[in-house]
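Remarks on the structure that follows.
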Amino acid sequence: MTDKPIVVALDYDNKADALTLIDKLDPAMCRLKIGKEMFTLFGPTLVKDIHNRNFDLFLDLKFHDIPNTVAKAVSAAADLGVWMTNVHASGGLAMMQAAKNALASYGKDAPLLIAVTVLTSMSDEDLALLGINVPAFEHVLRLAKLTHQAGLDGVVCSAQEAKLLKSTFGETFKLVTPGIRPAGSDAGDQHRIMTPPQAIAVGSDYLVIGRPITKAVDPLAALTAIHQSLQTEV
Ligand SMILES: O=c1ccn([C@@H]2O[C@H](COP(=O)(O)O)[C@@H](O)[C@H]2O)c(=O)[nH]1
């Protein structure tokens, strides 16, 4: 299992609430993620606040634009010193290569760069509505091949595709999997889900977990329970 596989997704509209949770967490137990909501509301200042608390931060902005624009956006993310950032693989090979090239000058300080394949909220039926008439795992595999070809560090996928992707691309190609739901918890808008121990067992490197922790009555207890389930059940 990867060192510190749990990435807590902080999707709060209130910075004080987010910082209250962060201050209860231990950077040795998890990493953190902020996405479009928190970055739009609180920007680079929040990134600094999180870094000052010694957490690795995944900046989940899922860039998707022309190559030149995405390259500059990824470079701006690297300037913030984040641990990981991402683009949408459906932006295409040239866009992903431009993003990768933009990080070359950062050397060992470059963030991990990964690409979103098919959002974990999407089912086969949702893809069909977009004219993509193959099962989600096939489209994930196509997009992961393109991502691998572009030289990125890995993909965002669901844990349901992890076994296939690990056996196709090997151990070093990182699999970051949202859609993680402890047994009995509410799936919400997520469709392609798996429990934390199952996700690790099939090859996920990083488990992105939001509401099962942040909406729990006791978020720290929820995180601790997930952490312990990985020590005992995997
Ligand atoms: O395919 C994807 C890509 C990103 N996400 C993000 O992960 C978290 C999941 O939160 P939960 O509350 O555990 O559902 C959220 O920030 C999404 O934007 C994803 O779910 N699926």
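Identifiers in this document derive from the order of the structure tokens: chains are assigned A, B, ..., residues are numbered from 1 separately in each chain, and ligands are numbered from 1 in order of occurrence.
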Item to complete: Step by step, measure atom-to-atom distances between ligand 1 and each residue using only C-alpha atoms and all ligand atoms, keep those at most 8 Å, then write them as a PyMOL selection string.
Response: chain A and resi 9-11+33-36+60+116-121+156-158+177-181+187-190+208-214
Please write the residues from the selection above to a file, keeping N, CA and C atoms, as a tab-separated table (two decimals), in the first residue's frame.
chain	number	residue	atom	x	y	z
A	9	ALA	N	-11.08	15.03	0.77
A	9	ALA	CA	-11.60	16.08	-0.13
A	9	ALA	C	-12.34	17.12	0.70
A	10	LEU	N	-11.76	18.33	0.74
A	10	LEU	CA	-12.36	19.41	1.51
A	10	LEU	C	-13.28	20.21	0.59
A	11	ASP	N	-14.55	19.89	0.61
A	11	ASP	CA	-15.49	20.66	-0.21
A	11	ASP	C	-16.38	21.48	0.72
A	33	LYS	N	-7.24	17.57	-0.24
A	33	LYS	CA	-7.56	18.01	-1.59
A	33	LYS	C	-8.51	19.19	-1.52
A	34	ILE	N	-8.23	20.23	-2.31
A	34	ILE	CA	-9.26	21.25	-2.53
A	34	ILE	C	-9.56	21.29	-4.02
A	35	GLY	N	-10.79	21.65	-4.33
A	35	GLY	CA	-11.21	21.66	-5.73
A	35	GLY	C	-11.78	23.00	-6.13
A	36	LYS	N	-12.67	22.94	-7.11
A	36	LYS	CA	-13.15	24.17	-7.74
A	36	LYS	C	-13.86	25.08	-6.74
A	60	ASP	N	-7.23	20.09	-7.14
A	60	ASP	CA	-8.09	19.35	-8.08
A	60	ASP	C	-8.93	20.32	-8.90
A	116	VAL	N	-7.90	13.20	-15.36
A	116	VAL	CA	-9.22	12.61	-15.06
A	116	VAL	C	-9.68	11.84	-16.30
A	117	THR	N	-10.10	10.60	-16.09
A	117	THR	CA	-10.62	9.79	-17.21
A	117	THR	C	-12.13	10.01	-17.31
A	118	VAL	N	-12.90	9.14	-16.67
A	118	VAL	CA	-14.36	9.31	-16.64
A	118	VAL	C	-14.76	9.59	-15.20
A	119	LEU	N	-15.44	10.69	-14.96
A	119	LEU	CA	-15.84	11.06	-13.60
A	119	LEU	C	-16.55	9.90	-12.90
A	120	THR	N	-16.24	9.72	-11.63
A	120	THR	CA	-16.82	8.59	-10.89
A	120	THR	C	-18.33	8.73	-10.67
A	121	SER	N	-18.85	9.91	-10.92
A	121	SER	CA	-20.31	10.12	-10.82
A	121	SER	C	-21.03	9.59	-12.06
A	156	VAL	N	-7.02	9.83	-12.66
A	156	VAL	CA	-8.16	9.72	-11.75
A	156	VAL	C	-9.14	8.77	-12.45
A	157	CYS	N	-9.55	7.74	-11.72
A	157	CYS	CA	-10.50	6.76	-12.26
A	157	CYS	C	-11.31	6.26	-11.08
A	158	SER	N	-12.21	5.32	-11.30
A	158	SER	CA	-12.86	4.71	-10.13
A	158	SER	C	-12.06	3.47	-9.76
A	177	THR	N	-8.32	7.45	-6.83
A	177	THR	CA	-9.71	7.02	-6.97
A	177	THR	C	-10.66	7.70	-5.99
A	178	PRO	N	-11.49	8.62	-6.50
A	178	PRO	CA	-12.63	9.10	-5.73
A	178	PRO	C	-13.76	8.03	-5.82
A	179	GLY	N	-14.95	8.40	-5.33
A	179	GLY	CA	-16.03	7.41	-5.36
A	179	GLY	C	-15.78	6.33	-4.32
A	180	ILE	N	-15.16	6.72	-3.21
A	180	ILE	CA	-14.85	5.77	-2.14
A	180	ILE	C	-15.95	5.90	-1.07
A	181	ARG	N	-16.53	4.78	-0.74
A	181	ARG	CA	-17.61	4.79	0.23
A	181	ARG	C	-17.45	3.64	1.23
A	187	ALA	N	-24.08	6.77	-1.08
A	187	ALA	CA	-23.30	6.98	-2.31
A	187	ALA	C	-23.45	8.42	-2.81
A	188	GLY	N	-24.58	9.08	-2.48
A	188	GLY	CA	-24.80	10.43	-3.00
A	188	GLY	C	-24.82	10.42	-4.52
A	189	ASP	N	-24.08	11.34	-5.14
A	189	ASP	CA	-24.08	11.43	-6.61
A	189	ASP	C	-23.03	10.52	-7.27
A	190	GLN	N	-22.34	9.71	-6.47
A	190	GLN	CA	-21.29	8.84	-7.04
A	190	GLN	C	-21.91	7.55	-7.58
A	208	VAL	N	-9.56	9.16	-2.64
A	208	VAL	CA	-10.09	10.51	-2.39
A	208	VAL	C	-11.44	10.35	-1.69
A	209	ILE	N	-11.52	10.86	-0.47
A	209	ILE	CA	-12.74	10.65	0.32
A	209	ILE	C	-13.20	11.99	0.89
A	210	GLY	N	-14.42	12.38	0.53
A	210	GLY	CA	-14.96	13.66	0.99
A	210	GLY	C	-16.05	13.48	2.02
A	211	ARG	N	-17.29	13.46	1.54
A	211	ARG	CA	-18.45	13.50	2.44
A	211	ARG	C	-18.49	12.42	3.51
A	212	PRO	N	-18.02	11.18	3.23
A	212	PRO	CA	-18.06	10.20	4.33
A	212	PRO	C	-17.24	10.66	5.54
A	213	ILE	N	-16.29	11.59	5.31
A	213	ILE	CA	-15.53	12.14	6.44
A	213	ILE	C	-16.08	13.51	6.83
A	214	THR	N	-16.18	14.42	5.84
A	214	THR	CA	-16.51	15.82	6.18
A	214	THR	C	-17.95	16.00	6.68
Discussion item. So that I can see what lies close to Lys166 of chain A, please list as a ChimeraX atom specification the residues with an atom at most 10 Å from it, counting only C-alpha atoms and leaving out residues fewer than 3 positions away in the same chain.
Written reply: /A:161-163,169-175,202-205
With N, CA and C atoms retained, write the just-selected residues as a tab-separated table (two decimals), in the first residue's frame.
chain	number	residue	atom	x	y	z
A	161	GLU	N	-12.04	0.33	-11.90
A	161	GLU	CA	-11.16	0.11	-13.07
A	161	GLU	C	-9.70	-0.13	-12.65
A	162	ALA	N	-9.43	-0.11	-11.33
A	162	ALA	CA	-8.03	-0.10	-10.88
A	162	ALA	C	-7.26	-1.36	-11.30
A	163	LYS	N	-7.88	-2.51	-11.16
A	163	LYS	CA	-7.17	-3.76	-11.48
A	163	LYS	C	-6.75	-3.76	-12.95
A	169	PHE	N	-0.81	-0.80	-17.17
A	169	PHE	CA	0.22	0.26	-17.18
A	169	PHE	C	1.31	0.09	-16.13
A	170	GLY	N	1.14	-0.87	-15.22
A	170	GLY	CA	2.20	-1.15	-14.25
A	170	GLY	C	2.08	-0.34	-12.97
A	171	GLU	N	2.95	-0.70	-12.03
A	171	GLU	CA	2.87	-0.21	-10.65
A	171	GLU	C	3.11	1.30	-10.54
A	172	THR	N	3.99	1.85	-11.39
A	172	THR	CA	4.37	3.26	-11.18
A	172	THR	C	3.31	4.26	-11.68
A	173	PHE	N	2.38	3.79	-12.49
A	173	PHE	CA	1.32	4.67	-13.01
A	173	PHE	C	0.26	4.82	-11.91
A	174	LYS	N	0.20	6.02	-11.33
A	174	LYS	CA	-0.61	6.23	-10.13
A	174	LYS	C	-2.11	6.24	-10.43
A	175	LEU	N	-2.86	5.57	-9.57
A	175	LEU	CA	-4.32	5.54	-9.69
A	175	LEU	C	-4.94	6.26	-8.49
A	202	VAL	N	-7.54	-3.72	-4.84
A	202	VAL	CA	-7.52	-3.85	-6.31
A	202	VAL	C	-6.49	-2.94	-6.98
A	203	GLY	N	-5.75	-2.15	-6.18
A	203	GLY	CA	-4.65	-1.40	-6.79
A	203	GLY	C	-4.72	0.10	-6.75
A	204	SER	N	-5.73	0.67	-6.08
A	204	SER	CA	-5.76	2.14	-5.96
A	204	SER	C	-4.55	2.61	-5.16
A	205	ASP	N	-3.94	3.70	-5.60
A	205	ASP	CA	-2.81	4.26	-4.84
A	205	ASP	C	-3.30	5.30	-3.83
Worksheet entry | Ala28 of chain A surroundings by only C-alpha atoms, 9 Å radius, close-in-sequence under 3 positions cut, as a list in words |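 Within the cut-off, the hits are Lys4, Leu25, Arg31 and Phe55 of chain A.
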Would you mind exporting N, CA and C atoms of the selected residues as a short mmCIF file (atom, residue, chain, number, x, y, z; two decimals), in the first residue's frame?
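To be explicit, this is the file written out as part-v8.cif:
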data_model
loop_
_atom_site.label_atom_id
_atom_site.label_comp_id
_atom_site.auth_asym_id
_atom_site.auth_seq_id
_atom_site.Cartn_x
_atom_site.Cartn_y
_atom_site.Cartn_z
N LYS A 4 0.52 6.80 3.13
CA LYS A 4 -0.56 7.78 3.28
C LYS A 4 -1.52 7.79 2.08
N LEU A 25 -6.72 17.22 12.17
CA LEU A 25 -6.12 16.10 11.43
C LEU A 25 -4.60 16.09 11.58
N ARG A 31 -3.53 13.08 3.37
CA ARG A 31 -3.26 14.28 2.56
C ARG A 31 -4.60 14.98 2.36
N PHE A 55 0.50 19.90 5.36
CA PHE A 55 -0.20 18.85 4.60
C PHE A 55 0.22 18.88 3.13
#
Worksheet item: When you draw a straight line from atom CA of Phe58 of chain A to atom CA of Thr168 of chain A, how long is it in Å?
Response: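 Straight-line distance from atom CA of Phe58 of chain A to atom CA of Thr168 of chain A works out to 24.9 Å.
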Item to complete: Determine the nearest neighbour of Met95 of chain A from the options A:Lys24, A:Lys108, A:Lys48, A:Lys72, counting only C-alpha atoms.
Response: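 Looking at the shortest contact to Met95 of chain A, the residue is A:Lys72.
For Gln149 of chain A, the non-local neighbours within 10 Å, defined as residues at least 5 positions apart in the same chain or in other chains and counting only C-alpha atoms, are Leu93, Met96, Gln97, Leu143 and Ala144 of chain A.
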Item to complete: Using backbone DSSP assignments, extract all strand (DSSP E or B) residues from segment 71-124 of chain A; output them as a count of residues only.
Response: 10
Discussion item. Between A:Gln228, A:Ala99, A:Leu220, A:Asp49, which residue has the minimum interatomic distance to Leu21 of chain A, considering only C-alpha atoms?
Written reply: A:Leu220
Worksheet item: Which is closer to Ala201 of chain A than all the others in A:Ala89, A:Val8, A:Leu164, A:Val234, using only C-alpha atoms?
Response: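 Ranked by minimum distance to Ala201 of chain A, first place goes to A:Val234.
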Fill in: Which residue of A:Leu80, A:Ser123, A:Asp56, A:His139 approaches Ile193 of chain A most closely, using only C-alpha atoms
A:Ser123
Fill in: Shortest interatomic distance to Tyr206 of chain A - which of A:Pro27, A:Tyr12, A:Asp3, A:Gly43, counting only C-alpha atoms
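Between A:Pro27, A:Tyr12, A:Asp3, A:Gly43, the residue approaching Tyr206 of chain A most closely is A:Asp3.
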Worksheet item: Leaving out Val82 of chain A and any residue of its chain fewer than 4 positions from it, which residues lie within 12 Å of it when counting only C-alpha atoms, given as number ranges by chain?
Response: A: 31-34, 44, 46-48, 50-51, 54-61, 74-78, 86, 106, 109-113
Once you have the residues from the selection above, write them out as a PDB file, in the first residue's frame, restricted to N, CA and C atoms.
ATOM      1  N   ARG A  31      -3.533  13.081   3.368  1.00  0.00           N
ATOM      2  CA  ARG A  31      -3.257  14.280   2.556  1.00  0.00           C
ATOM      3  C   ARG A  31      -4.601  14.985   2.365  1.00  0.00           C
ATOM      4  N   LEU A  32      -4.566  16.190   1.767  1.00  0.00           N
ATOM      5  CA  LEU A  32      -5.795  16.958   1.585  1.00  0.00           C
ATOM      6  C   LEU A  32      -5.986  17.321   0.118  1.00  0.00           C
ATOM      7  N   LYS A  33      -7.235  17.575  -0.238  1.00  0.00           N
ATOM      8  CA  LYS A  33      -7.560  18.011  -1.595  1.00  0.00           C
ATOM      9  C   LYS A  33      -8.506  19.194  -1.519  1.00  0.00           C
ATOM     10  N   ILE A  34      -8.231  20.226  -2.313  1.00  0.00           N
ATOM     11  CA  ILE A  34      -9.257  21.248  -2.532  1.00  0.00           C
ATOM     12  C   ILE A  34      -9.556  21.288  -4.024  1.00  0.00           C
ATOM     13  N   PRO A  44      -5.307  31.133  -3.621  1.00  0.00           N
ATOM     14  CA  PRO A  44      -3.972  30.743  -3.175  1.00  0.00           C
ATOM     15  C   PRO A  44      -3.738  30.944  -1.678  1.00  0.00           C
ATOM     16  N   LEU A  46      -5.679  30.079   0.697  1.00  0.00           N
ATOM     17  CA  LEU A  46      -6.046  28.819   1.350  1.00  0.00           C
ATOM     18  C   LEU A  46      -4.948  27.771   1.139  1.00  0.00           C
ATOM     19  N   VAL A  47      -4.365  27.774  -0.055  1.00  0.00           N
ATOM     20  CA  VAL A  47      -3.255  26.838  -0.315  1.00  0.00           C
ATOM     21  C   VAL A  47      -2.135  27.088   0.706  1.00  0.00           C
ATOM     22  N   LYS A  48      -1.823  28.363   0.913  1.00  0.00           N
ATOM     23  CA  LYS A  48      -0.768  28.713   1.903  1.00  0.00           C
ATOM     24  C   LYS A  48      -1.170  28.261   3.303  1.00  0.00           C
ATOM     25  N   ILE A  50      -2.996  25.833   4.153  1.00  0.00           N
ATOM     26  CA  ILE A  50      -2.889  24.367   4.270  1.00  0.00           C
ATOM     27  C   ILE A  50      -1.415  23.953   4.315  1.00  0.00           C
ATOM     28  N   HIS A  51      -0.606  24.564   3.467  1.00  0.00           N
ATOM     29  CA  HIS A  51       0.834  24.239   3.490  1.00  0.00           C
ATOM     30  C   HIS A  51       1.467  24.610   4.835  1.00  0.00           C
ATOM     31  N   ASN A  54       1.471  21.904   7.128  1.00  0.00           N
ATOM     32  CA  ASN A  54       2.320  20.744   6.735  1.00  0.00           C
ATOM     33  C   ASN A  54       1.594  19.591   6.045  1.00  0.00           C
ATOM     34  N   PHE A  55       0.496  19.899   5.359  1.00  0.00           N
ATOM     35  CA  PHE A  55      -0.198  18.847   4.600  1.00  0.00           C
ATOM     36  C   PHE A  55       0.221  18.880   3.129  1.00  0.00           C
ATOM     37  N   ASP A  56       0.325  17.687   2.532  1.00  0.00           N
ATOM     38  CA  ASP A  56       0.446  17.599   1.073  1.00  0.00           C
ATOM     39  C   ASP A  56      -0.910  17.953   0.495  1.00  0.00           C
ATOM     40  N   LEU A  57      -0.914  18.774  -0.559  1.00  0.00           N
ATOM     41  CA  LEU A  57      -2.196  19.248  -1.107  1.00  0.00           C
ATOM     42  C   LEU A  57      -2.353  18.859  -2.582  1.00  0.00           C
ATOM     43  N   PHE A  58      -3.483  18.244  -2.866  1.00  0.00           N
ATOM     44  CA  PHE A  58      -3.893  17.934  -4.238  1.00  0.00           C
ATOM     45  C   PHE A  58      -4.811  19.077  -4.690  1.00  0.00           C
ATOM     46  N   LEU A  59      -4.358  19.853  -5.683  1.00  0.00           N
ATOM     47  CA  LEU A  59      -5.168  20.940  -6.232  1.00  0.00           C
ATOM     48  C   LEU A  59      -5.964  20.367  -7.405  1.00  0.00           C
ATOM     49  N   ASP A  60      -7.230  20.091  -7.138  1.00  0.00           N
ATOM     50  CA  ASP A  60      -8.089  19.347  -8.075  1.00  0.00           C
ATOM     51  C   ASP A  60      -8.926  20.320  -8.899  1.00  0.00           C
ATOM     52  N   LEU A  61      -8.282  20.961  -9.875  1.00  0.00           N
ATOM     53  CA  LEU A  61      -9.014  21.948 -10.688  1.00  0.00           C
ATOM     54  C   LEU A  61      -9.373  21.392 -12.059  1.00  0.00           C
ATOM     55  N   VAL A  74      -1.187  24.853 -15.304  1.00  0.00           N
ATOM     56  CA  VAL A  74      -0.450  23.819 -14.571  1.00  0.00           C
ATOM     57  C   VAL A  74       0.828  24.420 -13.966  1.00  0.00           C
ATOM     58  N   SER A  75       1.448  25.299 -14.717  1.00  0.00           N
ATOM     59  CA  SER A  75       2.640  25.976 -14.239  1.00  0.00           C
ATOM     60  C   SER A  75       2.304  26.845 -13.015  1.00  0.00           C
ATOM     61  N   ALA A  76       1.147  27.504 -13.054  1.00  0.00           N
ATOM     62  CA  ALA A  76       0.716  28.321 -11.910  1.00  0.00           C
ATOM     63  C   ALA A  76       0.455  27.437 -10.691  1.00  0.00           C
ATOM     64  N   ALA A  77      -0.077  26.254 -10.927  1.00  0.00           N
ATOM     65  CA  ALA A  77      -0.296  25.309  -9.812  1.00  0.00           C
ATOM     66  C   ALA A  77       1.055  24.892  -9.221  1.00  0.00           C
ATOM     67  N   ALA A  78       2.026  24.650 -10.094  1.00  0.00           N
ATOM     68  CA  ALA A  78       3.363  24.262  -9.606  1.00  0.00           C
ATOM     69  C   ALA A  78       3.972  25.389  -8.768  1.00  0.00           C
ATOM     70  N   ASN A  86      -4.147  18.376 -11.678  1.00  0.00           N
ATOM     71  CA  ASN A  86      -4.722  17.514 -12.718  1.00  0.00           C
ATOM     72  C   ASN A  86      -5.347  18.270 -13.889  1.00  0.00           C
ATOM     73  N   TYR A 106      10.520  22.518 -13.402  1.00  0.00           N
ATOM     74  CA  TYR A 106      10.389  22.447 -11.934  1.00  0.00           C
ATOM     75  C   TYR A 106      11.171  21.272 -11.347  1.00  0.00           C
ATOM     76  N   ASP A 109      10.751  19.409  -7.907  1.00  0.00           N
ATOM     77  CA  ASP A 109       9.702  20.167  -7.205  1.00  0.00           C
ATOM     78  C   ASP A 109       8.379  20.194  -7.977  1.00  0.00           C
ATOM     79  N   ALA A 110       8.343  19.553  -9.141  1.00  0.00           N
ATOM     80  CA  ALA A 110       7.100  19.552  -9.928  1.00  0.00           C
ATOM     81  C   ALA A 110       6.039  18.735  -9.201  1.00  0.00           C
ATOM     82  N   PRO A 111       4.794  19.210  -9.242  1.00  0.00           N
ATOM     83  CA  PRO A 111       3.731  18.382  -8.660  1.00  0.00           C
ATOM     84  C   PRO A 111       3.502  17.134  -9.505  1.00  0.00           C
ATOM     85  N   LEU A 112       2.930  16.113  -8.905  1.00  0.00           N
ATOM     86  CA  LEU A 112       2.461  14.980  -9.700  1.00  0.00           C
ATOM     87  C   LEU A 112       1.364  15.504 -10.613  1.00  0.00           C
ATOM     88  N   LEU A 113       1.387  15.067 -11.868  1.00  0.00           N
ATOM     89  CA  LEU A 113       0.384  15.523 -12.835  1.00  0.00           C
ATOM     90  C   LEU A 113      -0.418  14.311 -13.305  1.00  0.00           C
TER      91      LEU A 113
END
